[in-house]
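Below is the file protein-v7.cif, which contains mmCIF, C-alpha atoms and all ligand atoms.
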data_model
loop_
_atom_site.label_atom_id
_atom_site.label_comp_id
_atom_site.auth_asym_id
_atom_site.auth_seq_id
_atom_site.Cartn_x
_atom_site.Cartn_y
_atom_site.Cartn_z
CA MET K 899 -10.20 21.71 15.06
CA ALA K 900 -10.46 18.11 13.93
CA GLU K 901 -6.95 17.15 13.02
CA VAL K 902 -6.43 13.38 12.76
CA ILE K 903 -2.95 12.10 13.56
CA LEU K 904 -1.73 8.58 12.89
CA ASP K 905 1.51 8.18 14.81
CA HIS K 906 3.52 5.11 13.77
CA VAL K 907 0.41 2.95 13.48
CA TRP K 908 0.78 -0.77 12.82
CA LYS K 909 -1.84 -3.49 12.42
CA SER K 910 -1.45 -7.24 12.46
CA TYR K 911 -4.32 -9.71 12.26
CA GLY K 912 -2.04 -12.35 13.78
CA GLY K 913 1.07 -14.03 12.39
CA ASN K 914 4.02 -12.12 11.02
CA LEU K 915 2.18 -10.21 8.33
CA TRP K 916 1.58 -6.52 8.88
CA ALA K 917 -1.65 -5.41 7.20
CA VAL K 918 -0.58 -1.83 8.02
CA ASN K 919 3.09 -1.04 8.40
CA ASP K 920 4.22 2.09 10.28
CA PHE K 921 1.51 4.45 9.00
CA ASN K 922 2.46 8.03 9.84
CA LEU K 923 0.29 10.94 8.80
CA THR K 924 -1.23 14.19 9.98
CA ILE K 925 -4.59 14.93 8.37
CA LYS K 926 -5.30 18.62 8.71
CA ASP K 927 -8.51 20.13 10.00
CA LYS K 928 -11.05 20.34 7.12
CA GLU K 929 -8.79 18.39 4.78
CA PHE K 930 -10.17 15.87 2.26
CA MET K 931 -7.68 13.01 2.48
CA VAL K 932 -7.92 10.00 0.18
CA PHE K 933 -6.31 6.61 0.82
CA VAL K 934 -5.81 4.80 -2.49
CA GLY K 935 -4.13 1.56 -3.53
CA PRO K 936 -4.89 -1.89 -4.90
CA SER K 937 -7.16 -4.31 -3.08
CA GLY K 938 -5.58 -5.66 0.10
CA CYS K 939 -3.08 -2.80 0.57
CA GLY K 940 -4.46 -1.91 4.02
CA LYS K 941 -6.52 1.19 3.34
CA SER K 942 -9.78 -0.08 4.89
CA THR K 943 -7.92 -1.46 7.88
CA THR K 944 -6.37 1.97 8.46
CA LEU K 945 -9.74 3.71 8.14
CA ARG K 946 -11.35 1.18 10.47
CA MET K 947 -8.67 1.83 13.07
CA VAL K 948 -9.53 5.55 12.91
CA ALA K 949 -13.20 4.60 13.31
CA GLY K 950 -12.48 2.30 16.23
CA LEU K 951 -13.74 -0.80 14.40
CA GLU K 952 -10.29 -2.44 14.50
CA GLU K 953 -7.82 -2.46 17.34
CA ILE K 954 -4.51 -0.71 16.81
CA SER K 955 -1.62 -3.19 17.22
CA LYS K 956 1.08 -0.52 17.74
CA GLY K 957 1.17 3.27 17.65
CA ALA K 958 -1.45 5.90 18.41
CA ILE K 959 -4.32 7.63 16.64
CA SER K 960 -5.59 10.97 17.84
CA ILE K 961 -8.66 12.91 16.75
CA ALA K 962 -8.96 16.60 17.62
CA GLY K 963 -6.07 16.42 20.06
CA ARG K 964 -7.24 13.33 21.97
CA VAL K 965 -5.65 9.88 21.69
CA VAL K 966 -8.54 7.55 20.82
CA ASN K 967 -6.86 4.12 20.94
CA ASN K 968 -9.13 3.09 23.80
CA VAL K 969 -12.15 5.25 23.00
CA PRO K 970 -15.16 3.28 21.66
CA PRO K 971 -16.38 4.22 18.14
CA LYS K 972 -19.52 5.97 19.36
CA ASP K 973 -17.47 8.39 21.46
CA ARG K 974 -14.95 9.33 18.77
CA ASP K 975 -17.05 12.03 17.14
CA ILE K 976 -16.79 10.38 13.73
CA ALA K 977 -19.38 9.11 11.25
CA MET K 978 -18.70 6.45 8.68
CA VAL K 979 -20.30 5.77 5.29
CA PHE K 980 -19.94 2.23 4.00
CA GLN K 981 -19.88 0.74 0.51
CA ASN K 982 -23.00 -1.34 1.15
CA TYR K 983 -24.90 1.67 2.65
CA ALA K 984 -25.78 -0.37 5.80
CA LEU K 985 -29.34 1.02 5.94
CA TYR K 986 -32.04 -0.59 8.10
CA PRO K 987 -34.43 -2.13 5.53
CA HIS K 988 -37.52 -1.99 7.75
CA MET K 989 -37.13 1.71 8.57
CA THR K 990 -38.10 4.70 6.42
CA VAL K 991 -35.46 7.07 5.10
CA TYR K 992 -36.40 9.52 7.85
CA ASP K 993 -36.00 6.91 10.58
CA ASN K 994 -32.74 5.65 9.13
CA MET K 995 -31.36 9.16 9.36
CA ALA K 996 -32.89 9.88 12.75
CA PHE K 997 -31.94 6.58 14.39
CA GLY K 998 -28.47 7.52 15.63
CA LEU K 999 -29.76 10.78 17.08
CA LYS K 1000 -32.64 9.01 18.86
CA LEU K 1001 -30.16 6.58 20.43
CA ARG K 1002 -28.20 9.55 21.68
CA LYS K 1003 -31.41 11.00 23.18
CA TYR K 1004 -31.59 14.12 21.07
CA LYS K 1005 -34.82 16.13 21.41
CA ARG K 1006 -37.44 15.47 18.76
CA ALA K 1007 -37.39 18.99 17.33
CA GLU K 1008 -33.61 18.92 17.02
CA ILE K 1009 -33.74 15.55 15.25
CA GLU K 1010 -36.38 16.81 12.86
CA SER K 1011 -34.46 19.95 12.02
CA ARG K 1012 -31.22 18.04 11.41
CA VAL K 1013 -32.88 15.42 9.20
CA ARG K 1014 -34.66 18.15 7.19
CA GLU K 1015 -31.45 20.08 6.72
CA ALA K 1016 -29.46 17.02 5.63
CA SER K 1017 -32.20 15.81 3.28
CA ASP K 1018 -32.39 19.28 1.71
CA ILE K 1019 -28.64 19.29 1.12
CA LEU K 1020 -28.82 15.85 -0.48
CA GLY K 1021 -32.06 16.35 -2.41
CA ILE K 1022 -33.88 13.42 -0.77
CA THR K 1023 -36.67 15.33 1.01
CA ASP K 1024 -39.30 13.74 -1.26
CA TYR K 1025 -38.27 10.23 -0.23
CA LEU K 1026 -38.26 10.61 3.55
CA HIS K 1027 -41.30 8.34 3.99
CA ARG K 1028 -39.96 5.58 1.70
CA LYS K 1029 -38.17 2.39 2.71
CA PRO K 1030 -34.68 1.78 1.28
CA LYS K 1031 -35.89 -0.94 -1.12
CA ALA K 1032 -37.98 1.67 -2.94
CA LEU K 1033 -34.88 3.75 -3.70
CA SER K 1034 -32.22 3.59 -6.43
CA GLY K 1035 -28.60 2.86 -5.55
CA GLY K 1036 -27.70 6.54 -5.77
CA GLN K 1037 -30.59 7.54 -3.51
CA ARG K 1038 -29.64 4.89 -0.95
CA GLN K 1039 -26.10 6.18 -0.92
CA ARG K 1040 -27.44 9.69 -0.28
CA VAL K 1041 -29.41 8.39 2.71
CA ALA K 1042 -26.23 6.76 4.05
CA VAL K 1043 -24.41 10.07 3.67
CA GLY K 1044 -27.36 11.89 5.25
CA ARG K 1045 -27.19 9.62 8.26
CA ALA K 1046 -23.59 10.70 8.71
CA ILE K 1047 -24.36 14.42 8.20
CA VAL K 1048 -27.08 14.60 10.86
CA ARG K 1049 -24.56 13.57 13.47
CA LYS K 1050 -22.45 16.67 12.71
CA PRO K 1051 -19.31 14.68 13.39
CA LYS K 1052 -15.82 16.15 13.56
CA VAL K 1053 -14.59 13.62 11.00
CA PHE K 1054 -16.34 11.81 8.14
CA LEU K 1055 -14.97 8.42 7.11
CA PHE K 1056 -15.91 6.96 3.71
CA ASP K 1057 -15.08 3.36 2.81
CA GLU K 1058 -15.44 2.88 -0.99
CA PRO K 1059 -18.88 4.56 -0.84
CA LEU K 1060 -19.40 4.71 -4.61
CA SER K 1061 -18.27 1.21 -5.62
CA ASN K 1062 -21.79 -0.21 -5.92
CA LEU K 1063 -23.05 2.55 -8.22
CA ASP K 1064 -23.05 2.55 -12.01
CA ALA K 1065 -20.41 4.65 -13.77
CA LYS K 1066 -22.62 7.67 -14.42
CA MET K 1067 -24.02 7.81 -10.90
CA ARG K 1068 -20.51 7.41 -9.51
CA VAL K 1069 -19.34 10.53 -11.33
CA GLN K 1070 -22.40 12.46 -10.12
CA MET K 1071 -22.03 11.37 -6.48
CA ARG K 1072 -18.31 12.14 -6.65
CA ALA K 1073 -19.15 15.77 -7.45
CA GLU K 1074 -21.80 15.85 -4.73
CA ILE K 1075 -19.39 14.64 -2.08
CA ILE K 1076 -16.85 17.27 -3.16
CA LYS K 1077 -19.53 19.97 -2.84
CA LEU K 1078 -20.58 18.54 0.51
CA HIS K 1079 -17.04 18.77 1.79
CA ALA K 1080 -16.85 22.43 0.80
CA ARG K 1081 -20.18 23.13 2.45
CA LEU K 1082 -19.68 21.24 5.71
CA GLU K 1083 -16.02 22.23 6.16
CA ALA K 1084 -15.35 18.93 7.91
CA THR K 1085 -12.32 16.70 7.92
CA MET K 1086 -12.94 13.76 5.58
CA ILE K 1087 -11.03 10.55 5.01
CA TYR K 1088 -12.03 8.66 1.90
CA VAL K 1089 -10.91 5.16 0.89
CA THR K 1090 -10.97 4.01 -2.73
CA HIS K 1091 -9.11 1.66 -5.06
CA ASP K 1092 -9.94 3.96 -7.98
CA GLN K 1093 -7.15 6.36 -8.84
CA VAL K 1094 -9.46 8.63 -10.83
CA GLU K 1095 -11.70 9.03 -7.78
CA ALA K 1096 -8.63 9.74 -5.68
CA MET K 1097 -7.26 12.32 -8.10
CA THR K 1098 -10.55 14.17 -8.55
CA MET K 1099 -11.58 14.27 -4.89
CA GLY K 1100 -8.55 14.50 -2.66
CA ASP K 1101 -6.87 17.61 -1.30
CA ARG K 1102 -4.10 15.13 -0.67
CA ILE K 1103 -3.73 11.45 -1.50
CA VAL K 1104 -2.00 8.63 0.36
CA VAL K 1105 -0.85 5.88 -2.03
CA MET K 1106 -0.51 2.52 -0.28
CA LYS K 1107 0.82 -0.88 -1.34
CA ASP K 1108 1.25 -4.02 0.79
CA GLY K 1109 0.46 -2.13 3.99
CA VAL K 1110 3.08 0.54 3.33
CA VAL K 1111 2.57 4.22 2.55
CA LEU K 1112 4.48 4.90 -0.68
CA GLN K 1113 3.73 8.60 -1.11
CA VAL K 1114 1.57 11.36 0.34
CA ALA K 1115 1.01 14.34 -1.95
CA THR K 1116 -1.51 16.55 -3.72
CA PRO K 1117 -3.05 15.02 -6.87
CA LEU K 1118 -0.96 17.12 -9.25
CA ASP K 1119 2.24 16.52 -7.31
CA LEU K 1120 1.65 12.75 -7.39
CA TYR K 1121 1.07 12.95 -11.11
CA GLU K 1122 4.04 15.15 -11.90
CA ASN K 1123 6.50 13.91 -9.30
CA PRO K 1124 5.86 10.25 -8.50
CA ALA K 1125 8.30 9.10 -5.82
CA ASN K 1126 8.66 5.57 -7.15
CA LEU K 1127 7.77 3.21 -9.97
CA PHE K 1128 4.58 1.98 -8.35
CA VAL K 1129 3.06 5.46 -8.00
CA ALA K 1130 4.25 6.33 -11.52
CA GLY K 1131 2.38 3.34 -12.95
CA PHE K 1132 -0.68 3.56 -10.69
CA ILE K 1133 -1.64 7.21 -11.12
CA GLY K 1134 -2.75 8.35 -14.58
CA THR K 1135 -4.65 6.82 -17.51
CA PRO K 1136 -3.22 5.59 -19.77
CA PRO K 1137 -0.32 4.90 -17.39
CA MET K 1138 3.15 6.36 -17.60
CA ASN K 1139 5.35 4.67 -20.21
CA LEU K 1140 8.35 2.89 -18.69
CA PHE K 1141 11.52 1.95 -20.58
CA GLU K 1142 14.49 -0.08 -19.37
CA GLY K 1143 17.93 1.08 -20.44
CA VAL K 1144 21.38 2.20 -19.40
CA ILE K 1145 22.89 5.64 -18.74
CA ARG K 1146 25.84 6.23 -21.09
CA ARG K 1147 28.26 8.91 -22.09
CA ALA K 1148 28.05 9.25 -25.89
CA ALA K 1149 29.86 11.60 -28.25
CA GLU K 1150 27.04 14.14 -27.98
CA GLY K 1151 26.81 13.95 -24.17
CA TRP K 1152 24.91 11.87 -21.61
CA ILE K 1153 22.15 9.69 -22.99
CA PHE K 1154 19.59 7.14 -21.91
CA ASP K 1155 20.46 4.14 -24.06
CA GLY K 1156 17.57 1.77 -24.58
CA GLU K 1157 19.12 0.36 -27.78
CA THR K 1158 16.23 0.99 -30.18
CA LEU K 1159 15.34 4.06 -28.16
CA GLN K 1160 18.02 6.60 -27.32
CA VAL K 1161 17.28 9.89 -25.61
CA ALA K 1162 19.60 12.76 -24.77
CA LEU K 1163 19.52 13.73 -21.09
CA GLN K 1164 18.57 17.25 -20.14
CA PRO K 1165 21.50 19.21 -18.61
CA ASP K 1166 19.74 19.60 -15.25
CA MET K 1167 19.31 15.82 -14.92
CA GLN K 1168 22.87 14.89 -15.79
CA ASP K 1169 24.42 15.41 -12.36
CA LYS K 1170 22.18 12.90 -10.64
CA LEU K 1171 22.23 10.43 -13.51
CA ALA K 1172 26.01 10.51 -13.94
CA ALA K 1173 26.18 8.38 -10.79
CA TYR K 1174 24.34 5.70 -12.80
CA ALA K 1175 26.86 5.65 -15.66
CA GLU K 1176 26.77 2.21 -17.34
CA LYS K 1177 24.06 1.15 -14.90
CA LYS K 1178 20.47 0.14 -15.54
CA VAL K 1179 17.69 2.66 -14.97
CA VAL K 1180 14.02 2.89 -15.86
CA MET K 1181 12.93 5.97 -17.80
CA GLY K 1182 9.30 7.05 -17.43
CA ILE K 1183 7.36 9.45 -19.61
CA ARG K 1184 3.64 10.21 -19.72
CA PRO K 1185 1.74 9.50 -22.97
CA GLU K 1186 0.96 13.22 -23.37
CA HIS K 1187 4.68 13.96 -23.62
CA VAL K 1188 5.25 11.74 -26.67
CA GLY K 1189 3.95 12.89 -30.04
CA SER K 1190 1.43 15.33 -28.52
CA PRO K 1191 0.95 18.81 -30.01
CA VAL K 1192 2.94 20.27 -27.09
CA ALA K 1193 5.80 17.84 -27.66
CA GLU K 1194 5.79 18.36 -31.44
CA ASN K 1195 5.92 22.13 -30.98
CA THR K 1196 8.81 22.03 -28.52
CA VAL K 1197 12.01 23.21 -30.18
CA GLY K 1198 14.82 20.70 -29.73
CA ALA K 1199 12.64 17.80 -28.53
CA PRO K 1200 14.25 14.62 -29.92
CA LYS K 1201 12.25 12.39 -32.26
CA ILE K 1202 11.82 8.67 -31.76
CA LYS K 1203 10.94 6.28 -34.55
CA ALA K 1204 8.28 3.69 -33.78
CA ARG K 1205 5.60 1.56 -35.42
CA VAL K 1206 1.88 2.07 -34.84
CA ASP K 1207 0.25 -1.11 -33.47
CA VAL K 1208 -3.19 0.22 -32.52
CA VAL K 1209 -4.98 3.54 -33.10
CA GLU K 1210 -7.59 4.56 -30.51
CA PRO K 1211 -9.44 7.77 -31.43
CA MET K 1212 -10.85 9.26 -28.19
CA GLY K 1213 -12.25 12.43 -29.77
CA ALA K 1214 -10.23 15.16 -28.10
CA GLU K 1215 -7.05 13.15 -28.62
CA THR K 1216 -5.94 9.87 -30.16
CA TYR K 1217 -4.03 7.18 -28.29
CA LEU K 1218 -1.41 5.31 -30.26
CA TYR K 1219 -0.01 2.01 -29.03
CA MET K 1220 3.53 1.96 -30.41
CA THR K 1221 6.50 -0.40 -30.70
CA ALA K 1222 10.14 0.67 -30.98
CA GLY K 1223 12.28 -2.49 -31.04
CA ARG K 1224 11.93 -4.15 -27.64
CA HIS K 1225 9.94 -1.24 -26.20
CA THR K 1226 6.22 -0.63 -26.33
CA PHE K 1227 4.60 2.63 -25.29
CA ILE K 1228 1.50 4.81 -25.62
CA ALA K 1229 1.39 8.28 -27.20
CA LYS K 1230 -1.44 10.83 -27.02
CA ILE K 1231 -1.44 12.61 -30.35
CA ASP K 1232 -3.46 15.29 -32.11
CA PRO K 1233 -6.69 13.56 -33.30
CA HIS K 1234 -6.30 15.16 -36.73
CA ARG K 1235 -2.85 13.74 -37.35
CA ARG K 1236 -3.09 11.05 -39.99
CA CYS K 1237 -1.85 7.63 -39.07
CA ALA K 1238 -2.82 3.99 -39.44
CA MET K 1239 -1.80 0.62 -38.07
CA GLY K 1240 1.60 -0.43 -39.33
CA ASN K 1241 2.81 3.14 -40.09
CA GLU K 1242 6.31 4.16 -39.04
CA LEU K 1243 6.17 7.52 -37.26
CA HIS K 1244 8.71 9.93 -35.89
CA LEU K 1245 7.24 11.23 -32.63
CA ALA K 1246 8.61 14.12 -30.60
CA PHE K 1247 9.77 12.99 -27.16
CA LEU K 1248 9.62 15.70 -24.50
CA ASN K 1249 12.78 14.63 -22.71
CA ALA K 1250 12.51 17.51 -20.21
CA LYS K 1251 9.46 15.69 -18.79
CA ALA K 1252 11.15 12.30 -18.42
CA HIS K 1253 11.62 10.70 -14.99
CA PHE K 1254 14.33 8.23 -14.07
CA PHE K 1255 13.97 5.47 -11.51
CA ASP K 1256 16.42 3.10 -9.86
CA PRO K 1257 15.20 -0.42 -10.78
CA ALA K 1258 16.75 -1.93 -7.62
CA THR K 1259 15.00 0.36 -5.11
CA THR K 1260 12.19 1.48 -7.51
CA SER K 1261 12.73 5.04 -6.16
CA LEU K 1262 12.87 8.18 -8.26
CA ILE K 1263 16.40 9.33 -9.15
CA VAL K 1264 15.43 12.55 -10.90
P1 LIG K 1301 -7.91 -2.80 1.34
O1 LIG K 1301 -8.93 -1.99 2.05
O2 LIG K 1301 -6.76 -1.96 0.86
O3 LIG K 1301 -8.47 -3.63 0.23
P2 LIG K 1301 -7.70 -4.25 3.81
O4 LIG K 1301 -7.36 -3.22 4.79
O5 LIG K 1301 -9.10 -4.74 3.76
O6 LIG K 1301 -7.22 -3.81 2.35
O7 LIG K 1301 -6.76 -5.52 4.05
C1 LIG K 1301 -5.37 -5.42 4.29
C2 LIG K 1301 -4.80 -6.79 4.56
O8 LIG K 1301 -5.32 -7.29 5.80
C3 LIG K 1301 -5.17 -7.82 3.51
O9 LIG K 1301 -4.08 -8.68 3.33
C4 LIG K 1301 -6.34 -8.54 4.13
O10 LIG K 1301 -6.40 -9.86 3.66
C5 LIG K 1301 -6.01 -8.50 5.60
N1 LIG K 1301 -7.23 -8.48 6.43
C6 LIG K 1301 -8.21 -7.55 6.40
N2 LIG K 1301 -9.17 -7.82 7.32
C7 LIG K 1301 -8.77 -8.95 7.94
C8 LIG K 1301 -9.33 -9.77 8.99
N3 LIG K 1301 -10.47 -9.42 9.59
N4 LIG K 1301 -8.63 -10.85 9.37
C9 LIG K 1301 -7.47 -11.19 8.78
N5 LIG K 1301 -6.89 -10.49 7.79
C10 LIG K 1301 -7.54 -9.38 7.38
#

Just dump the structure as structure tokens.
Amino acid sequence: MAEVILDHVWKSYGGNLWAVNDFNLTIKDKEFMVFVGPSGCGKSTTLRMVAGLEEISKGAISIAGRVVNNVPPKDRDIAMVFQNYALYPHMTVYDNMAFGLKLRKYKRAEIESRVREASDILGITDYLHRKPKALSGGQRQRVAVGRAIVRKPKVFLFDEPLSNLDAKMRVQMRAEIIKLHARLEATMIYVTHDQVEAMTMGDRIVVMKDGVVLQVATPLDLYENPANLFVAGFIGTPPMNLFEGVIRRAAEGWIFDGETLQVALQPDMQDKLAAYAEKKVVMGIRPEHVGSPVAENTVGAPKIKARVDVVEPMGAETYLYMTAGRHTFIAKIDPHRRCAMGNELHLAFLNAKAHFFDPATTSLIV
């Protein structure tokens, strides 16, 4: 069992600023956990504290039931893969992978069998005699992963391992790491600033900002139920549309009143939103819930009138950049629907899928 527990972990590099602010999380045995957030939010610092490369200012980290605050990195039963690969340039691929095992005085036959097994898994057996400079970026990254695999650690730590690869190789390596996780059945913690990487790889995702954990959830749950405005805007491409307005009681019932954009509130949302009567809220709705085939085919979905500013045909769908008075938003529509810049369209608005946020706290209301 390699559960990793971060128990009220804080990190300061000096001064009053907390790079990591009360990080609390249990990572389950065999879980693939992703830390995601913009640059500087504290994700690497947190990972490095798990690795033992940074001291923990407050709190405790345990790995497989043992508090490791004072355990040196080499005794934590972890292996880390870095963004820059950190390979020894003068050593062959084989020696790079074998090095850690030699240091730990493993027998030669055991080293050989582990390196062969890892290189088979990663498809780098043909390159074992080469030096890193004779490898492509993707191959180097495989060697770095191989060096972690041969250790058979309880926990794998990845710090932006795909950032130096081109877009195509990144997608390929992403799939390989997912397969590797299934095969090795190890606990993995993976740091990235890329929300697509986070969504496609993680069993669960931790979204961080300014050293604070904003939400921990499965990819779909983050997407469908963002806990606050930051997560709503950070997860998903194109991002969730956000509209400022006021909750009002109109003749026809409760509405979101954004002046040029008025939307009836679903009955099940009214209770919570009634407390915001005459107060400002932010309404969020994903682009696929405005003007999409699903929205257009939903009986009773209100229509909103807006002008087309830009048409972006993506093939499977078309993105429209729209303006309705003081609001701008993005709609994902059927690619065969005719429209051009400057057109006025009436787009179905799937109000059952809208989210409402408190602008003061940024938290989700309903
Ligand atoms: P991320 O990995 O999310 O980009 P980091 O964990 O690297 O963020 O950094 C979190 C915060 O801690 C940032 O404000 C960064 O400037 C600061 N920081 C990171 N490493 C150091 C360091 N060695 N000394 C001082 N401040 C640091």

Protein and nucleic residues near ligand LIG 1301 (chain K), 7 Å, only C-alpha atoms and all ligand atoms, as a PyMOL selection string: chain K and resi 911+917+935-944+1109

Nearest-residue call for Asp975 (chain K), choices K:Ile961, K:Ala1199, K:Ala1148, K:Val1089, using all atoms listed in the file: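 The answer is K:Ile961, which sits nearest to Asp975 (chain K).
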
Nearest candidate to Ala1214 (chain K) (options K:Lys1003, K:Lys1066, K:Arg1102, K:His1234; using only C-alpha atoms): K:His1234

Gap from CA of Ile1009 (chain K) to CA of Tyr1025 (chain K) - Å, one decimal: 17.0 Å

Coordinates-based distance that separates CA of Gly1134 (chain K) from CA of Phe1254 (chain K) (Å, one decimal): 17.1 Å

Near-Glu1157 (chain K) list (12 Å; all atoms listed in the file; drop same-chain fewer than 6 positions) as a PyMOL selection string: chain K and resi 1141-1146+1202+1222-1225

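Proximity to Asp1232 (chain K) was assessed for K:Ala1193, K:Leu945, K:Ala1250, K:Val1179 counting only C-alpha atoms; the smallest distance is recorded for K:Ala1193.
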
Arg1236 (chain K) environment, 12 Å, only C-alpha atoms, sequence neighbours closer than 5 positions dropped, as a PyMOL selection string: chain K and resi 1206+1209+1211+1216+1218+1231+1241-1243

Atomic distance CA of Lys1251 (chain K) - CA of Arg1184 (chain K), expressed in Å with one decimal: 8.0 Å

Among the residues K:Ala1172, K:Val965, K:Ile976, K:Val934, the one that comes closest to Leu1112 (chain K) [using all atoms listed in the file]: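 Smallest separation from Leu1112 (chain K) among the options: K:Val934.
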
Contacts of Asp1101 (chain K) within 8 Å, only C-alpha atoms, excl. fewer than 2 positions in-chain, as a PyMOL selection string: chain K and resi 929-932+1099+1103+1116-1117

Selected residue of minimal separation from Gly1044 (chain K) among K:Tyr986, K:Tyr992, K:Trp908, K:Phe921, counting only C-alpha atoms: K:Tyr992

Residue with smallest distance to Asp1169 (chain K) - pool K:Val1043, K:Leu951, K:Val1264, K:Val1053, counting only C-alpha atoms: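 Closest to Asp1169 (chain K) of all the choices is K:Val1264.
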
Counting only C-alpha atoms, which residues of region 1081-1110 of chain K sit at most 10 Å from some atom of region 1120-1128 of chain K, and what is each one's closest atom pair with its distance in Å to one decimal, listed by chain and rising residue number, as a Markdown table?
| residue | atom | partner | partner_atom | distance |
| --- | --- | --- | --- | --- |
| K:Met1097 | CA | K:Tyr1121 | CA | 8.9 |
| K:Arg1102 | CA | K:Leu1120 | CA | 9.2 |
| K:Ile1103 | CA | K:Leu1120 | CA | 8.1 |
| K:Val1104 | CA | K:Leu1120 | CA | 9.5 |
| K:Val1105 | CA | K:Leu1120 | CA | 9.1 |
| K:Met1106 | CA | K:Phe1128 | CA | 9.6 |
| K:Lys1107 | CA | K:Phe1128 | CA | 8.5 |

Mind giving me the axis-aligned box for region 1042-1052 of chain K with 6 Å on every side, centre plus edges in Å to one decimal, as JSON?
{"center_x": -21.6, "center_y": 11.7, "center_z": 8.6, "size_x": 23.5, "size_y": 21.9, "size_z": 21.9}
